[in-house]
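Listing of upload15.cif, mmCIF, C-alpha atoms
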data_my_file
#
loop_
_atom_site.group_PDB
_atom_site.id
_atom_site.type_symbol
_atom_site.label_atom_id
_atom_site.label_comp_id
_atom_site.auth_asym_id
_atom_site.auth_seq_id
_atom_site.Cartn_x
_atom_site.Cartn_y
_atom_site.Cartn_z
ATOM 1 C CA MET A 1 168.749 110.263 42.369
ATOM 2 C CA SER A 2 165.522 109.102 40.789
ATOM 3 C CA LYS A 3 163.141 106.621 42.394
ATOM 4 C CA ALA A 4 163.764 104.108 39.603
ATOM 5 C CA ILE A 5 167.538 104.096 40.206
ATOM 6 C CA LYS A 6 167.081 103.789 43.978
ATOM 7 C CA PHE A 7 164.648 100.918 43.474
ATOM 8 C CA GLY A 8 167.064 99.219 41.080
ATOM 9 C CA LEU A 9 169.952 99.457 43.536
ATOM 10 C CA ILE A 10 167.888 98.160 46.438
ATOM 11 C CA ALA A 11 166.456 95.318 44.356
ATOM 12 C CA SER A 12 169.898 94.224 43.158
ATOM 13 C CA LEU A 13 171.222 94.214 46.736
ATOM 14 C CA VAL A 14 168.263 92.150 47.945
ATOM 15 C CA PHE A 15 168.697 89.588 45.140
ATOM 16 C CA THR A 16 172.442 89.413 45.739
ATOM 17 C CA PHE A 17 172.109 88.631 49.437
ATOM 18 C CA GLN A 18 169.084 86.399 48.940
ATOM 19 C CA GLY A 19 171.025 84.154 46.576
ATOM 20 C CA CYS A 20 173.777 83.594 49.103
ATOM 21 C CA GLY A 21 171.697 81.471 51.461
ATOM 22 C CA ILE A 22 172.083 81.874 55.205
ATOM 23 C CA TYR A 23 175.617 83.137 55.716
ATOM 24 C CA ASN A 24 177.028 85.205 58.469
ATOM 25 C CA PHE A 25 179.732 87.800 57.884
ATOM 26 C CA THR A 26 182.531 85.374 58.710
ATOM 27 C CA GLY A 27 181.668 83.166 55.745
ATOM 28 C CA GLY A 28 180.127 80.205 57.551
ATOM 29 C CA ASN A 29 176.964 78.579 56.231
ATOM 30 C CA VAL A 30 174.972 77.313 59.211
ATOM 31 C CA GLY A 31 171.876 76.579 57.146
ATOM 32 C CA THR A 32 168.876 76.039 59.421
ATOM 33 C CA ALA A 33 171.012 75.002 62.407
ATOM 34 C CA LYS A 34 170.430 76.893 65.640
ATOM 35 C CA THR A 35 172.735 75.047 68.058
ATOM 36 C CA PHE A 36 176.055 73.231 68.153
ATOM 37 C CA GLN A 37 177.793 70.992 70.618
ATOM 38 C CA VAL A 38 181.441 70.081 71.031
ATOM 39 C CA ASN A 39 181.955 66.770 72.775
ATOM 40 C CA PHE A 40 185.133 66.314 74.814
ATOM 41 C CA PHE A 41 188.153 65.507 72.624
ATOM 42 C CA GLN A 42 189.976 62.642 74.362
ATOM 43 C CA ASN A 43 193.761 62.587 74.126
ATOM 44 C CA TYR A 44 194.903 59.348 72.476
ATOM 45 C CA ALA A 45 198.171 60.750 71.133
ATOM 46 C CA SER A 46 200.268 58.145 72.959
ATOM 47 C CA ASP A 47 198.649 55.453 70.758
ATOM 48 C CA SER A 48 200.582 56.878 67.794
ATOM 49 C CA PRO A 49 204.264 55.802 67.604
ATOM 50 C CA GLY A 50 206.548 58.696 68.535
ATOM 51 C CA SER A 51 203.767 60.748 70.098
ATOM 52 C CA THR A 52 203.339 61.598 73.754
ATOM 53 C CA ILE A 53 200.514 62.834 75.951
ATOM 54 C CA GLU A 54 200.391 66.517 76.815
ATOM 55 C CA PRO A 55 198.353 66.878 80.034
ATOM 56 C CA GLY A 56 195.417 69.237 79.635
ATOM 57 C CA LEU A 57 195.629 69.435 75.840
ATOM 58 C CA ASP A 58 192.275 67.650 75.512
ATOM 59 C CA ASN A 59 190.467 70.258 77.612
ATOM 60 C CA THR A 60 192.343 73.177 76.020
ATOM 61 C CA PHE A 61 191.438 72.057 72.509
ATOM 62 C CA THR A 62 187.796 71.300 73.340
ATOM 63 C CA LEU A 63 187.327 74.782 74.818
ATOM 64 C CA ALA A 64 189.188 76.411 71.915
ATOM 65 C CA LEU A 65 186.860 74.758 69.379
ATOM 66 C CA GLN A 66 183.777 75.829 71.350
ATOM 67 C CA ASP A 67 185.023 79.413 71.526
ATOM 68 C CA PHE A 68 185.977 79.494 67.851
ATOM 69 C CA ILE A 69 182.553 78.299 66.629
ATOM 70 C CA GLN A 70 180.778 80.708 69.006
ATOM 71 C CA ASN A 71 182.881 83.625 67.788
ATOM 72 C CA GLN A 72 182.440 82.796 64.099
ATOM 73 C CA THR A 73 178.701 82.032 64.052
ATOM 74 C CA SER A 74 175.443 83.008 65.697
ATOM 75 C CA LEU A 75 174.866 79.422 66.872
ATOM 76 C CA ASP A 76 174.119 78.677 70.519
ATOM 77 C CA LEU A 77 176.380 76.231 72.356
ATOM 78 C CA THR A 78 174.575 73.297 73.947
ATOM 79 C CA ASN A 79 175.711 70.204 75.841
ATOM 80 C CA THR A 80 173.184 67.817 74.300
ATOM 81 C CA ASN A 81 171.181 67.365 71.122
ATOM 82 C CA GLY A 82 172.935 70.057 69.077
ATOM 83 C CA ASP A 83 172.045 70.584 65.423
ATOM 84 C CA LEU A 84 175.772 70.453 64.655
ATOM 85 C CA ILE A 85 177.992 68.054 66.591
ATOM 86 C CA TYR A 86 181.786 68.055 66.737
ATOM 87 C CA GLU A 87 183.597 65.138 68.344
ATOM 88 C CA GLY A 88 186.864 63.314 68.006
ATOM 89 C CA GLU A 89 190.217 62.755 69.574
ATOM 90 C CA ILE A 90 193.746 64.076 69.674
ATOM 91 C CA VAL A 91 195.781 61.507 67.752
ATOM 92 C CA GLU A 92 199.223 63.099 67.548
ATOM 93 C CA TYR A 93 201.470 65.222 69.750
ATOM 94 C CA ARG A 94 205.018 64.849 68.514
ATOM 95 C CA VAL A 95 208.287 66.776 68.712
ATOM 96 C CA SER A 96 210.718 66.017 65.890
ATOM 97 C CA PRO A 97 214.101 67.457 64.896
ATOM 98 C CA MET A 98 213.750 69.369 61.612
ATOM 99 C CA SER A 99 217.161 70.642 60.527
ATOM 100 C CA ALA A 100 220.718 69.848 61.543
ATOM 101 C CA THR A 101 223.766 71.974 62.257
ATOM 102 C CA ALA A 102 227.272 71.245 60.978
ATOM 103 C CA GLN A 103 227.892 69.477 64.287
ATOM 104 C CA GLN A 104 225.094 66.976 63.509
ATOM 105 C CA THR A 105 222.768 68.362 66.195
ATOM 106 C CA ALA A 106 219.236 69.652 65.726
ATOM 107 C CA ALA A 107 218.989 73.342 64.845
ATOM 108 C CA GLN A 108 215.223 73.381 64.869
ATOM 109 C CA ASN A 109 212.451 71.236 66.324
ATOM 110 C CA ARG A 110 208.870 70.827 65.153
ATOM 111 C CA LEU A 111 205.837 70.290 67.353
ATOM 112 C CA THR A 112 203.028 68.600 65.415
ATOM 113 C CA ILE A 113 199.495 68.150 66.706
ATOM 114 C CA GLY A 114 196.931 65.983 64.912
ATOM 115 C CA ILE A 115 193.202 65.920 65.642
ATOM 116 C CA ASN A 116 190.678 63.436 64.275
ATOM 117 C CA VAL A 117 187.261 65.118 63.923
ATOM 118 C CA ARG A 118 183.813 63.675 63.318
ATOM 119 C CA PHE A 119 181.222 66.264 62.299
ATOM 120 C CA TYR A 120 177.483 65.595 62.206
ATOM 121 C CA ASN A 121 174.952 68.033 60.786
ATOM 122 C CA LYS A 122 171.417 66.995 61.777
ATOM 123 C CA THR A 123 169.952 69.580 59.393
ATOM 124 C CA LYS A 124 171.977 68.454 56.360
ATOM 125 C CA GLU A 125 173.150 64.847 56.632
ATOM 126 C CA ASP A 126 175.241 64.835 53.455
ATOM 127 C CA ALA A 127 177.542 67.346 55.197
ATOM 128 C CA ASP A 128 178.726 64.775 57.799
ATOM 129 C CA PHE A 129 182.408 63.806 57.712
ATOM 130 C CA GLU A 130 185.290 62.258 59.596
ATOM 131 C CA LYS A 131 188.649 63.814 58.861
ATOM 132 C CA ARG A 132 192.107 64.276 60.360
ATOM 133 C CA PHE A 133 193.471 67.808 60.770
ATOM 134 C CA SER A 134 197.035 68.608 61.766
ATOM 135 C CA PHE A 135 199.493 71.451 61.831
ATOM 136 C CA PHE A 136 202.940 72.179 63.227
ATOM 137 C CA TYR A 137 205.070 74.821 64.892
ATOM 138 C CA ASP A 138 208.834 75.077 64.382
ATOM 139 C CA TYR A 139 211.041 76.431 67.155
ATOM 140 C CA PRO A 140 214.801 76.654 67.867
ATOM 141 C CA ALA A 141 216.311 73.434 69.198
ATOM 142 C CA ASP A 142 218.005 75.323 72.025
ATOM 143 C CA ALA A 143 214.596 76.504 73.315
ATOM 144 C CA LEU A 144 212.659 74.377 75.755
ATOM 145 C CA LEU A 145 209.237 73.311 74.525
ATOM 146 C CA ASP A 146 207.686 74.712 77.720
ATOM 147 C CA SER A 147 209.023 78.175 76.840
ATOM 148 C CA VAL A 148 207.314 78.206 73.403
ATOM 149 C CA LYS A 149 204.286 76.041 74.166
ATOM 150 C CA ASN A 150 201.754 78.889 74.429
ATOM 151 C CA ASP A 151 202.842 80.405 71.098
ATOM 152 C CA ALA A 152 202.939 76.950 69.530
ATOM 153 C CA PHE A 153 199.423 76.080 70.703
ATOM 154 C CA ASP A 154 198.091 79.436 69.488
ATOM 155 C CA ALA A 155 199.573 78.971 65.998
ATOM 156 C CA ILE A 156 198.641 75.304 65.666
ATOM 157 C CA PHE A 157 195.114 75.705 67.033
ATOM 158 C CA GLU A 158 194.436 78.750 64.863
ATOM 159 C CA ARG A 159 195.181 76.762 61.713
ATOM 160 C CA ILE A 160 193.409 73.561 62.791
ATOM 161 C CA LEU A 161 190.315 75.441 63.999
ATOM 162 C CA GLN A 162 190.091 77.392 60.734
ATOM 163 C CA ASP A 163 190.430 74.151 58.771
ATOM 164 C CA ILE A 164 187.704 72.438 60.837
ATOM 165 C CA PHE A 165 185.438 75.455 60.448
ATOM 166 C CA GLY A 166 186.072 75.545 56.710
ATOM 167 C CA ALA A 167 185.351 71.846 56.287
ATOM 168 C CA SER A 168 182.170 71.927 58.371
ATOM 169 C CA LEU A 169 180.551 75.294 57.686
ATOM 170 C CA ALA A 170 182.107 76.912 54.625
ATOM 171 C CA ASP A 171 180.431 74.801 51.934
ATOM 172 C CA TRP A 172 179.954 77.425 49.272
#
As structure tokens, please, write out the structure in this file.
Amino acid sequence: MSKAIKFGLIASLVFTFQGCGIYNFTGGNVGTAKTFQVNFFQNYASDSPGSTIEPGLDNTFTLALQDFIQNQTSLDLTNTNGDLIYEGEIVEYRVSPMSATAQQTAAQNRLTIGINVRFYNKTKEDADFEKRFSFFYDYPADALLDSVKNDAFDAIFERILQDIFGASLADW
């Protein structure tokens, strides 16, 4: 391969990656941010009609968001004065019947979790937002919620965390 072709290939790769800004391989744009903080997400689900409080959900979600951002970016987690700040509250934790049998009983239940998130980007103020994220998990009505709770939390959190990440750091 000639030197001119090698130079052309290298130059095109450099210009391609240079035009993309500061992205990591997971697709998040952290800009000039170096740190992030996740403030404790209080559980106010019982304030919403039909919702109940799930003990420990506030801590579980807060830690899940911290882990997710750490795993998806090169940002350092801090407790104070982060370049990116996530805060909010759990606003919904509801179990609802979803489909009925011929005997007029529930065949399937749905667990729905809703999280209100406020995001502040000290390095890019026009990126700040407040938004509600929610997702659900359907399970058989004859199953106890406690028996499916771990799977439900995994599925619901995965979707909500991806949505939060997309809204806060995937501004292409």
Note to self: Nearest residue to Lys122 in chain A out of A:Tyr93, A:Phe165, A:Tyr86, A:Phe61, using all atoms listed in the file?
What the structure shows: A:Tyr86
Checklist line | Nearest candidate to Asp154 in chain A (options A:Leu84, A:Ala33, A:Arg118, A:Phe135; using all atoms listed in the file) | finding: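 Among A:Leu84, A:Ala33, A:Arg118, A:Phe135, it is A:Phe135 that comes nearest to Asp154 in chain A.
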Next item on the list: Could you check which of A:Gln70, A:Asn59, A:Ser51, A:Thr123 is closest to Asn39 in chain A, using all atoms listed in the file?
Entry: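 Going through A:Gln70, A:Asn59, A:Ser51, A:Thr123 one by one, the smallest distance to Asn39 in chain A is for A:Asn59.
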Next item on the list: Convert the output of the PyMOL selection byres ((chain A and resi 60) around 12) on the shown file into explicit residues, formatted as a PyMOL selection string.
Entry: chain A and resi 40-43+54-59+61-67+90+150+153-154+157
For the residues in that selection, give me C-alpha atoms as a PDB file, in the coordinates of the input.
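Written out: selection.pdb:
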ATOM      1  CA  PHE A  40     185.133  66.314  74.814  1.00  0.00           C
ATOM      2  CA  PHE A  41     188.153  65.507  72.624  1.00  0.00           C
ATOM      3  CA  GLN A  42     189.976  62.642  74.362  1.00  0.00           C
ATOM      4  CA  ASN A  43     193.761  62.587  74.126  1.00  0.00           C
ATOM      5  CA  GLU A  54     200.391  66.517  76.815  1.00  0.00           C
ATOM      6  CA  PRO A  55     198.353  66.878  80.034  1.00  0.00           C
ATOM      7  CA  GLY A  56     195.417  69.237  79.635  1.00  0.00           C
ATOM      8  CA  LEU A  57     195.629  69.435  75.840  1.00  0.00           C
ATOM      9  CA  ASP A  58     192.275  67.650  75.512  1.00  0.00           C
ATOM     10  CA  ASN A  59     190.467  70.258  77.612  1.00  0.00           C
ATOM     11  CA  PHE A  61     191.438  72.057  72.509  1.00  0.00           C
ATOM     12  CA  THR A  62     187.796  71.300  73.340  1.00  0.00           C
ATOM     13  CA  LEU A  63     187.327  74.782  74.818  1.00  0.00           C
ATOM     14  CA  ALA A  64     189.188  76.411  71.915  1.00  0.00           C
ATOM     15  CA  LEU A  65     186.860  74.758  69.379  1.00  0.00           C
ATOM     16  CA  GLN A  66     183.777  75.829  71.350  1.00  0.00           C
ATOM     17  CA  ASP A  67     185.023  79.413  71.526  1.00  0.00           C
ATOM     18  CA  ILE A  90     193.746  64.076  69.674  1.00  0.00           C
ATOM     19  CA  ASN A 150     201.754  78.889  74.429  1.00  0.00           C
ATOM     20  CA  PHE A 153     199.423  76.080  70.703  1.00  0.00           C
ATOM     21  CA  ASP A 154     198.091  79.436  69.488  1.00  0.00           C
ATOM     22  CA  PHE A 157     195.114  75.705  67.033  1.00  0.00           C
TER      23      PHE A 157
END
Step by step, gather every atom of range 122-139 of chain A that the file lists, find the box along x, y and z that holds them, add 4 Å on each side, and finally give centre and edge lengths in Å to one decimal, as JSON.
{"center_x": 190.5, "center_y": 69.3, "center_z": 60.3, "size_x": 49.1, "size_y": 22.2, "size_z": 21.7}
